[in-house]
Structures are given as structure tokens and as C-alpha cells.
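Structure below is input.cif: mmCIF, C-alpha atoms.
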```
data_target
loop_
_atom_site.label_atom_id
_atom_site.label_comp_id
_atom_site.auth_asym_id
_atom_site.auth_seq_id
_atom_site.Cartn_x
_atom_site.Cartn_y
_atom_site.Cartn_z
CA MET N 294 10.02 22.34 38.76
CA SER N 295 8.08 25.05 37.02
CA ASP N 296 5.57 24.65 34.22
CA ALA N 297 8.12 26.13 31.83
CA ASP N 298 10.61 23.37 32.66
CA ASP N 299 7.90 20.80 32.05
CA ALA N 300 7.11 22.37 28.72
CA VAL N 301 10.70 22.07 27.46
CA PHE N 302 11.15 18.61 28.98
CA LEU N 303 13.84 19.73 31.42
CA GLY N 304 14.59 17.35 34.25
CA LYS N 305 17.31 16.36 36.72
CA ALA N 306 19.37 13.19 36.42
CA SER N 307 20.06 11.19 39.61
CA ASP N 308 23.40 13.01 40.08
CA GLY N 309 21.62 16.36 39.92
CA ARG N 310 22.68 17.38 36.42
CA LEU N 311 20.06 19.14 34.32
CA ILE N 312 19.05 16.98 31.37
CA ARG N 313 16.41 17.01 28.69
CA ARG N 314 13.91 14.34 29.55
CA PRO N 315 13.26 11.90 26.69
CA LEU N 316 10.17 12.31 24.58
CA SER N 317 8.08 9.31 23.69
CA PRO N 318 9.49 7.77 20.50
CA HIS N 319 8.16 9.25 17.29
CA ILE N 320 8.65 8.30 13.63
CA GLY N 321 12.22 9.64 13.62
CA ILE N 322 13.24 6.92 16.11
CA TYR N 323 11.83 3.85 14.45
CA HIS N 324 13.31 1.56 11.82
CA TRP N 325 10.27 1.92 9.58
CA PRO N 326 9.04 -1.69 9.44
CA LEU N 327 7.06 -2.52 6.31
CA SER N 328 3.82 -2.70 8.27
CA MET N 329 4.34 0.91 9.35
CA VAL N 330 5.23 2.06 5.84
CA GLY N 331 2.09 0.35 4.57
CA SER N 332 -0.07 2.03 7.19
CA ILE N 333 1.34 5.48 6.45
CA LEU N 334 1.04 4.94 2.70
CA ASN N 335 -2.60 3.90 3.07
CA ARG N 336 -3.32 7.37 4.42
CA ALA N 337 -1.01 9.18 2.02
CA THR N 338 -2.52 7.45 -1.01
CA GLY N 339 -6.03 8.12 0.32
CA ILE N 340 -5.23 11.82 0.46
CA ALA N 341 -3.61 11.66 -2.99
CA ILE N 342 -6.61 10.07 -4.70
CA SER N 343 -8.94 12.46 -2.88
CA ILE N 344 -7.07 15.26 -4.64
CA GLY N 345 -7.04 13.12 -7.78
CA THR N 346 -10.86 13.27 -7.90
CA LEU N 347 -10.29 16.72 -9.44
CA LEU N 348 -9.06 14.94 -12.57
CA LEU N 349 -12.13 12.64 -12.62
CA VAL N 350 -14.49 15.61 -12.26
CA TRP N 351 -12.66 17.59 -14.93
CA TRP N 352 -12.78 14.61 -17.32
CA LEU N 353 -16.55 14.08 -16.82
CA VAL N 354 -17.44 17.79 -16.98
CA ALA N 355 -15.33 18.23 -20.12
CA ALA N 356 -16.96 15.21 -21.76
CA ALA N 357 -20.34 16.80 -21.09
CA ALA N 358 -19.20 20.26 -22.19
CA GLY N 359 -18.16 19.24 -25.69
CA PRO N 360 -15.32 18.28 -28.04
CA VAL N 361 -13.18 21.39 -27.42
CA ALA N 362 -13.20 21.05 -23.63
CA PHE N 363 -12.62 17.31 -23.90
CA ALA N 364 -9.65 17.82 -26.22
CA GLY N 365 -8.23 20.10 -23.49
CA VAL N 366 -8.35 17.33 -20.86
CA GLN N 367 -6.95 14.79 -23.31
CA ALA N 368 -4.05 17.10 -24.14
CA PHE N 369 -3.35 17.74 -20.45
CA ILE N 370 -3.37 14.04 -19.58
CA ALA N 371 -1.10 13.24 -22.54
CA SER N 372 1.42 15.93 -21.48
CA PRO N 373 4.45 14.89 -19.38
CA ILE N 374 2.96 16.43 -16.22
CA GLY N 375 -0.40 14.83 -16.99
CA LEU N 376 1.15 11.40 -17.48
CA LEU N 377 3.16 11.77 -14.27
CA LEU N 378 0.00 12.71 -12.36
CA LEU N 379 -1.88 9.82 -13.94
CA LEU N 380 0.93 7.42 -12.99
CA GLY N 381 0.84 8.69 -9.40
CA TRP N 382 -2.94 8.43 -9.45
CA THR N 383 -2.81 4.82 -10.71
CA LEU N 384 -0.21 3.80 -8.12
CA SER N 385 -2.12 5.52 -5.30
CA LEU N 386 -5.45 4.08 -6.40
CA PHE N 387 -4.19 0.51 -6.57
CA PHE N 388 -2.28 0.79 -3.29
CA HIS N 389 -5.32 2.19 -1.49
CA LEU N 390 -7.56 -0.42 -3.15
CA PHE N 391 -5.46 -3.44 -2.15
CA SER N 392 -4.59 -1.99 1.24
CA GLY N 393 -8.26 -1.18 1.77
CA ILE N 394 -9.28 -4.75 1.02
CA ARG N 395 -6.68 -5.86 3.57
CA HIS N 396 -8.18 -3.45 6.09
CA LEU N 397 -11.65 -4.86 5.45
CA GLY N 398 -10.19 -8.30 6.13
CA TRP N 399 -8.73 -7.07 9.43
CA ASP N 400 -12.16 -5.67 10.35
CA ILE N 401 -13.64 -9.17 10.20
CA GLY N 402 -10.62 -10.73 11.88
CA ILE N 403 -8.71 -12.03 8.86
CA GLY N 404 -4.94 -11.54 8.63
CA THR N 405 -4.32 -10.01 12.03
CA ALA N 406 -1.55 -12.42 13.10
CA LYS N 407 1.55 -10.42 14.03
CA ARG N 408 3.72 -12.65 11.86
CA SER N 409 1.65 -11.87 8.76
CA LEU N 410 1.85 -8.07 9.02
CA ASN N 411 5.15 -7.48 7.23
CA PRO N 412 4.64 -10.13 4.50
CA GLY N 413 1.12 -8.74 4.02
CA ALA N 414 2.47 -5.24 3.50
CA LEU N 415 5.04 -6.60 1.07
CA ALA N 416 2.25 -8.34 -0.86
CA ILE N 417 0.37 -5.04 -1.12
CA PHE N 418 3.47 -3.34 -2.58
CA ALA N 419 3.92 -6.17 -5.09
CA LEU N 420 0.24 -6.16 -6.09
CA THR N 421 0.30 -2.38 -6.49
CA LEU N 422 3.37 -2.40 -8.72
CA GLY N 423 2.06 -5.38 -10.70
CA ALA N 424 -1.41 -3.94 -11.27
CA THR N 425 0.00 -0.51 -12.17
CA ALA N 426 2.46 -2.04 -14.62
CA ALA N 427 -0.30 -4.21 -16.15
CA VAL N 428 -2.64 -1.25 -16.59
CA TRP N 429 0.03 0.96 -18.16
CA ILE N 430 1.28 -1.77 -20.49
CA ALA N 431 -2.32 -2.51 -21.51
CA GLY N 432 -2.90 1.23 -21.88
CA TYR N 433 0.02 1.66 -24.24
CA ALA N 434 -1.13 -1.43 -26.17
CA VAL N 435 -4.64 0.07 -26.58
CA PHE N 436 -3.37 3.57 -27.29
CA GLY N 437 -0.46 2.69 -29.49
CA GLY N 438 -2.10 -0.22 -31.26
CA MET O 811 -13.21 26.43 46.28
CA ALA O 812 -13.26 24.32 43.16
CA PRO O 813 -15.59 25.64 40.47
CA MET O 814 -18.84 23.77 40.14
CA PRO O 815 -19.03 21.52 37.10
CA ARG O 816 -21.12 23.24 34.46
CA HIS O 817 -24.56 21.73 34.12
CA ARG O 818 -25.15 20.28 30.67
CA PRO O 819 -28.78 19.71 29.87
CA VAL O 820 -29.33 16.31 28.29
CA MET O 821 -32.26 16.29 25.92
CA ARG O 822 -32.47 12.52 25.53
CA SER O 823 -33.62 9.75 27.77
CA ALA O 824 -31.02 7.57 29.48
CA LEU O 825 -32.02 4.69 27.21
CA GLY O 826 -31.65 6.90 24.14
CA ARG O 827 -28.15 7.89 25.16
CA VAL O 828 -27.05 4.37 25.88
CA ARG O 829 -28.50 2.72 22.81
CA GLY O 830 -25.80 2.34 20.17
CA LEU O 831 -23.42 4.80 21.78
CA GLY O 832 -19.91 3.80 22.87
CA PRO O 833 -17.49 5.89 24.87
CA ALA O 834 -16.85 8.04 21.80
CA ARG O 835 -20.44 9.31 22.28
CA ALA O 836 -21.03 9.29 18.58
CA GLY O 837 -21.74 5.67 17.85
CA ALA O 838 -20.16 3.66 15.10
CA HIS O 839 -21.80 5.38 12.16
CA HIS O 840 -18.69 7.06 10.76
CA TRP O 841 -16.65 3.87 10.98
CA GLN O 842 -19.37 1.76 9.38
CA ALA O 843 -20.04 4.23 6.57
CA GLU O 844 -16.33 4.30 5.76
CA ARG O 845 -16.21 0.49 5.48
CA ILE O 846 -19.45 0.11 3.55
CA SER O 847 -18.45 2.76 0.99
CA ALA O 848 -15.05 1.05 0.70
CA LEU O 849 -16.71 -2.29 0.04
CA ALA O 850 -18.87 -0.85 -2.74
CA LEU O 851 -15.95 1.08 -4.22
CA VAL O 852 -13.88 -2.06 -4.82
CA PRO O 853 -15.92 -3.35 -7.81
CA LEU O 854 -16.88 0.17 -8.95
CA THR O 855 -13.24 1.28 -9.11
CA LEU O 856 -12.13 -1.86 -10.97
CA TRP O 857 -15.00 -1.40 -13.45
CA PHE O 858 -14.09 2.27 -13.97
CA VAL O 859 -10.37 1.64 -14.49
CA GLY O 860 -11.10 -1.20 -16.92
CA SER O 861 -13.64 0.87 -18.84
CA VAL O 862 -11.35 3.88 -19.19
CA LEU O 863 -8.49 1.62 -20.18
CA ALA O 864 -10.55 0.18 -23.03
CA ARG O 865 -11.30 3.69 -24.29
CA LEU O 866 -7.94 5.41 -24.07
CA GLY O 867 -7.57 8.04 -26.74
CA ALA O 868 -11.26 7.84 -27.69
CA ASP O 869 -12.72 11.14 -28.89
CA GLN O 870 -15.46 13.12 -27.13
CA PRO O 871 -18.46 11.64 -29.00
CA ALA O 872 -17.30 8.11 -28.19
CA VAL O 873 -16.67 8.86 -24.50
CA ALA O 874 -19.88 10.88 -24.18
CA GLY O 875 -21.82 8.05 -25.81
CA TRP O 876 -20.30 5.55 -23.38
CA ILE O 877 -21.13 7.72 -20.34
CA ALA O 878 -24.68 8.25 -21.61
CA ARG O 879 -25.64 4.56 -21.62
CA PRO O 880 -28.03 4.02 -18.68
CA TRP O 881 -26.06 1.42 -16.77
CA ASN O 882 -22.79 3.25 -17.27
CA ALA O 883 -24.39 6.50 -16.09
CA ALA O 884 -25.87 4.74 -13.05
CA LEU O 885 -22.57 3.12 -12.14
CA LEU O 886 -20.72 6.42 -12.64
CA LEU O 887 -23.21 8.22 -10.36
CA ALA O 888 -22.68 5.52 -7.73
CA LEU O 889 -18.91 5.80 -8.15
CA ILE O 890 -19.03 9.60 -7.79
CA ALA O 891 -21.29 9.57 -4.71
CA LEU O 892 -19.39 6.83 -2.89
CA THR O 893 -15.95 8.19 -3.81
CA PHE O 894 -16.70 11.60 -2.34
CA GLN O 895 -18.46 10.12 0.69
CA HIS O 896 -15.48 7.85 1.36
CA ALA O 897 -12.99 10.69 0.76
CA VAL O 898 -14.80 13.02 3.18
CA LEU O 899 -15.00 10.34 5.88
CA GLY O 900 -11.34 9.39 5.45
CA LEU O 901 -9.99 12.94 5.32
CA GLN O 902 -11.97 13.82 8.46
CA VAL O 903 -10.19 11.06 10.39
CA VAL O 904 -6.82 12.37 9.19
CA TYR O 905 -7.74 15.91 10.23
CA GLU O 906 -8.90 14.69 13.65
CA ASP O 907 -5.53 13.03 14.21
CA TYR O 908 -3.36 15.98 13.27
CA ILE O 909 -5.36 19.19 13.74
CA HIS O 910 -5.67 19.96 17.43
CA ARG O 911 -7.31 23.39 17.38
CA LYS O 912 -11.05 22.90 17.36
CA ALA O 913 -11.85 25.92 15.22
CA VAL O 914 -9.31 24.93 12.56
CA LEU O 915 -10.52 21.33 12.67
CA ALA O 916 -14.16 22.29 12.22
CA THR O 917 -13.23 24.66 9.39
CA ALA O 918 -11.19 22.01 7.60
CA ILE O 919 -13.97 19.42 7.88
CA LEU O 920 -16.65 21.85 6.68
CA LEU O 921 -14.55 23.12 3.76
CA THR O 922 -13.82 19.53 2.71
CA ARG O 923 -17.51 18.65 2.87
CA PHE O 924 -18.56 21.71 0.88
CA LEU O 925 -15.87 21.13 -1.75
CA ALA O 926 -16.71 17.42 -2.04
CA LEU O 927 -20.41 18.26 -2.40
CA LEU O 928 -19.68 20.82 -5.12
CA LEU O 929 -17.30 18.56 -7.06
CA GLY O 930 -19.61 15.57 -6.70
CA LEU O 931 -22.59 17.58 -7.92
CA ALA O 932 -20.61 18.92 -10.89
CA ALA O 933 -19.57 15.40 -11.89
CA ALA O 934 -23.10 14.06 -11.39
CA VAL O 935 -24.65 16.89 -13.45
CA ALA O 936 -22.16 16.15 -16.24
CA VAL O 937 -23.13 12.46 -16.26
CA LEU O 938 -26.85 13.22 -16.06
CA LYS O 939 -26.63 15.80 -18.84
CA LEU O 940 -25.04 13.23 -21.16
CA ALA O 941 -27.45 10.49 -20.06
CA VAL O 942 -30.54 12.63 -20.62
CA THR O 943 -29.56 14.40 -23.84
CA ALA O 944 -27.86 11.48 -25.59
CA PRO O 945 -28.90 11.05 -29.23
CA HIS O 946 -30.56 7.71 -29.81
#
```

Go through the file and emit its structure as C-alpha cells.
Amino acid sequence: MSDADDAVFLGKASDGRLIRRPLSPHIGIYHWPLSMVGSILNRATGIAISIGTLLLVWWLVAAAAGPVAFAGVQAFIASPIGLLLLLGWTLSLFFHLFSGIRHLGWDIGIGTAKRSLNPGALAIFALTLGATAAVWIAGYAVFGG
Amino acid sequence: MAPMPRHRPVMRSALGRVRGLGPARAGAHHWQAERISALALVPLTLWFVGSVLARLGADQPAVAGWIARPWNAALLLALIALTFQHAVLGLQVVYEDYIHRKAVLATAILLTRFLALLLGLAAAVAVLKLAVTAPH
């Protein structure tokens, strides 16, 4: 077997036929259990809110710059794209927050039982949706009222 | 003949190397800093979301006045510093998992650090400007 055959995962079956040797299973193979979705989302939301810091910085810098600059941020956030970004930011923030607290629990040995992994992930989803809904409903109450 | 292993000069004593260093050779600092910043960010984030929520639609003088109050300014500075520290630590772990070329990895980490420093400083200067120049 040459290095090239190794590189393309070429092998011989027991009857001598050439076959592609199996790769180790990757995300395309799995059923996506909730625990796995939660783990992936923890990273994805972490990346999302890292990018979302741009909005925080813009908001603070505009508040310091003056009324005109601040009106610019306000207008952007109130636009459809701004609201969509803010919704994504809220969802990501709450998911990463609750999931992060769960991770801190794992670090001190709380909640690591195999049986609790999927229900735990489900609880994080529920908390995220609940907190996001609560904040947006409260937001519209403050803003509209 | 097999090539001789390259000699790597070690500038620390054996005790110095062993103390606090696991097989990763870098100790647990990164991991600990990520957790500690996370712990502090839990109350800070909740405070920030609640505060912004209570001031939705407020105009610039109202928001600037809120930022300028000493405790708010202090908490915002803490939020900014810890958020960017936590983001840099977390993003670095993601890069390390998926970027396999050392030069690209180092570039990505450095660019992220520089950008986070710049953004964090800009946000901090904005808060400090309001805190220092607020009319009383």
C-alpha cells in the first residue's frame, strides 16, 4: 500500500476487492442528540455574541459622541435588520449564559450524570426561549407604554 | 542513521518546570481565566440587560447620564474588560480546534487579541469620557 492509497483511505476487503476504508464517524453520521446540539450551540452562540460586542461598543461610543451619533445607533437598532440582530443577540446571550452556568456546574462536578445530559440541554433551550420572550415582551411594554 | 534529536535549551530549573505544569506544558491558566471571567460575567450581564431594558428608547442625555454615574461606569468597565477577555479566551480555543496551520492559527489569535483590545479600549474610553465630563 502506498502513501497515496492511505491518504484516500483505499483498502482491500477480505475477498481482495478494493474498497474505501471507513472514516471515523463525524457529525454527518450522528443522530444529533440534544446534548450534542447544546454543546455545538454553546460555541456558536459564544462566537455570535463575540461579534455582537460590536453593537455594544458602537452603542457606548455613540452615547459618548453625542445626540446625533446616538440617534444613528437607535435608528439602526429599531430597523428590521437591527431588531433581527438584537433578537439573535438576545437568544445567543441567554443561551450562552445558561449553558455557561451549566458548564460551571460541570466543572465542580454538578450535573455530570449521563442520564441528566439530554434533559439538561432541553432545560437550557427552554430557559433561553423563556428569558428571551420575557425580555422582549418587557421591552415592548417599556417601549410601547 | 536516524537524525539526532535537536537539543532544546531549557532555561528553567526542573522544579520550575514541574510546578503547576501539566502535560499541556502551559498550566491551567487559560482554563481558569475562562471560568473566572464567566463567573463574574453572570451577574454583570444580567445587570446590563436589565438596565438597558429599563431604558429602551431613552434619548442620549438620559443614557449618557446613566452611564456617567460612578457605579454604573465601574460596572460597565468591568463588563467590557471581562467580556473581551472571555471572548478572546473562548475564540482562541475554537481556533485551536479547527485551524491546523500554525501560522494561520497564530495570526488569527493575534488579530483577535488586537481587535478585542482596540474595541475594549474604545468602549472604556467612551464610558470614562461620560463619567469624567458628566454635568453635576

Tell me as a ChimeraX atom specification which residues belonging to chain O come within 7 Å of chain N, counting all atoms listed in the file.
/O:852,863-864,866-867,870,873-874,897,901,929,932-933,936-937,939-940

Write the residues of the preceding selection, restricted to C-alpha atoms, as an mmCIF file, keeping the file's coordinate frame.
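Dumped to out_9.cif:
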```
data_model
loop_
_atom_site.group_PDB
_atom_site.id
_atom_site.type_symbol
_atom_site.label_atom_id
_atom_site.label_comp_id
_atom_site.auth_asym_id
_atom_site.auth_seq_id
_atom_site.Cartn_x
_atom_site.Cartn_y
_atom_site.Cartn_z
ATOM 1 C CA VAL O 852 -13.880 -2.060 -4.820
ATOM 2 C CA LEU O 863 -8.490 1.620 -20.180
ATOM 3 C CA ALA O 864 -10.550 0.180 -23.030
ATOM 4 C CA LEU O 866 -7.940 5.410 -24.070
ATOM 5 C CA GLY O 867 -7.570 8.040 -26.740
ATOM 6 C CA GLN O 870 -15.460 13.120 -27.130
ATOM 7 C CA VAL O 873 -16.670 8.860 -24.500
ATOM 8 C CA ALA O 874 -19.880 10.880 -24.180
ATOM 9 C CA ALA O 897 -12.990 10.690 0.760
ATOM 10 C CA LEU O 901 -9.990 12.940 5.320
ATOM 11 C CA LEU O 929 -17.300 18.560 -7.060
ATOM 12 C CA ALA O 932 -20.610 18.920 -10.890
ATOM 13 C CA ALA O 933 -19.570 15.400 -11.890
ATOM 14 C CA ALA O 936 -22.160 16.150 -16.240
ATOM 15 C CA VAL O 937 -23.130 12.460 -16.260
ATOM 16 C CA LYS O 939 -26.630 15.800 -18.840
ATOM 17 C CA LEU O 940 -25.040 13.230 -21.160
#
```

Evaluated on this file, the PyMOL selection byres ((chain O and resi 855) around 12) picks out some residues - which ones are they, written as an mmCIF file with C-alpha atoms, in the frame of the given file?
```
data_model
loop_
_atom_site.group_PDB
_atom_site.id
_atom_site.type_symbol
_atom_site.label_atom_id
_atom_site.label_comp_id
_atom_site.auth_asym_id
_atom_site.auth_seq_id
_atom_site.Cartn_x
_atom_site.Cartn_y
_atom_site.Cartn_z
ATOM 1 C CA ILE N 342 -6.610 10.070 -4.700
ATOM 2 C CA LEU N 349 -12.130 12.640 -12.620
ATOM 3 C CA THR N 383 -2.810 4.820 -10.710
ATOM 4 C CA LEU N 386 -5.450 4.080 -6.400
ATOM 5 C CA PHE N 387 -4.190 0.510 -6.570
ATOM 6 C CA HIS N 389 -5.320 2.190 -1.490
ATOM 7 C CA LEU N 390 -7.560 -0.420 -3.150
ATOM 8 C CA PHE N 391 -5.460 -3.440 -2.150
ATOM 9 C CA SER O 847 -18.450 2.760 0.990
ATOM 10 C CA ALA O 848 -15.050 1.050 0.700
ATOM 11 C CA LEU O 849 -16.710 -2.290 0.040
ATOM 12 C CA ALA O 850 -18.870 -0.850 -2.740
ATOM 13 C CA LEU O 851 -15.950 1.080 -4.220
ATOM 14 C CA VAL O 852 -13.880 -2.060 -4.820
ATOM 15 C CA PRO O 853 -15.920 -3.350 -7.810
ATOM 16 C CA LEU O 854 -16.880 0.170 -8.950
ATOM 17 C CA LEU O 856 -12.130 -1.860 -10.970
ATOM 18 C CA TRP O 857 -15.000 -1.400 -13.450
ATOM 19 C CA PHE O 858 -14.090 2.270 -13.970
ATOM 20 C CA VAL O 859 -10.370 1.640 -14.490
ATOM 21 C CA GLY O 860 -11.100 -1.200 -16.920
ATOM 22 C CA SER O 861 -13.640 0.870 -18.840
ATOM 23 C CA VAL O 862 -11.350 3.880 -19.190
ATOM 24 C CA LEU O 885 -22.570 3.120 -12.140
ATOM 25 C CA LEU O 886 -20.720 6.420 -12.640
ATOM 26 C CA ALA O 888 -22.680 5.520 -7.730
ATOM 27 C CA LEU O 889 -18.910 5.800 -8.150
ATOM 28 C CA ILE O 890 -19.030 9.600 -7.790
ATOM 29 C CA LEU O 892 -19.390 6.830 -2.890
ATOM 30 C CA THR O 893 -15.950 8.190 -3.810
#
```

Would you mind reading off the distance between atom CA of Pro412 of chain N and atom CA of Ala427 of chain N, one decimal, in Å?
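Result for atom CA of Pro412 of chain N versus atom CA of Ala427 of chain N: 22.0 Å, one decimal.
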
Just to confirm, what's the straight-line distance from atom CA of Phe302 of chain N to atom CA of Ser317 of chain N in Å (one decimal)?
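A separation of 11.1 Å between them.
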
Among listed residues N:Ala341, N:Gly365, N:Leu379, N:Leu348, nearest Gly900 of chain O (using all atoms listed in the file)
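Smallest separation from Gly900 of chain O among the options: N:Ala341.
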
Determine the residue set returned by the PyMOL selection byres ((chain N and resi 316) around 12) for the present structure, and present it as a list in words.
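So the PyMOL selection byres ((chain N and resi 316) around 12) ends up selecting Asp299, Ala300, Val301, Phe302, Leu303, Gly304, Arg313, Arg314, Pro315, Ser317, Pro318, His319, Ile320, Gly321 and Ile322 of chain N.
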
Separation of atom CA of Ser385 of chain N from atom CA of Leu938 of chain O, in Å and rounded to one decimal
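Calculated distance between atom CA of Ser385 of chain N and atom CA of Leu938 of chain O is 28.0 Å.
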
Please define a box with edges along x, y and z of the file around all atoms of segment 856-866 of chain O given in the file, extend it by 6 Å on each side, and return its centre and edge lengths in Å to one decimal, as AutoDock Vina command-line options.
```
--center_x -11.5 --center_y 1.8 --center_z -17.6 --size_x 19.1 --size_y 19.3 --size_z 25.3
```

Rank nothing, just name the residue among N:Gly423, N:Gly345, N:Pro326, N:Gly375 nearest to Phe388 of chain N, using all atoms listed in the file.
N:Gly423

Using only C-alpha atoms for the distances, tell me which of O:Ala884, O:Ala872, O:Leu925, O:Ala918 is nearest to Gln902 of chain O.
O:Ala918
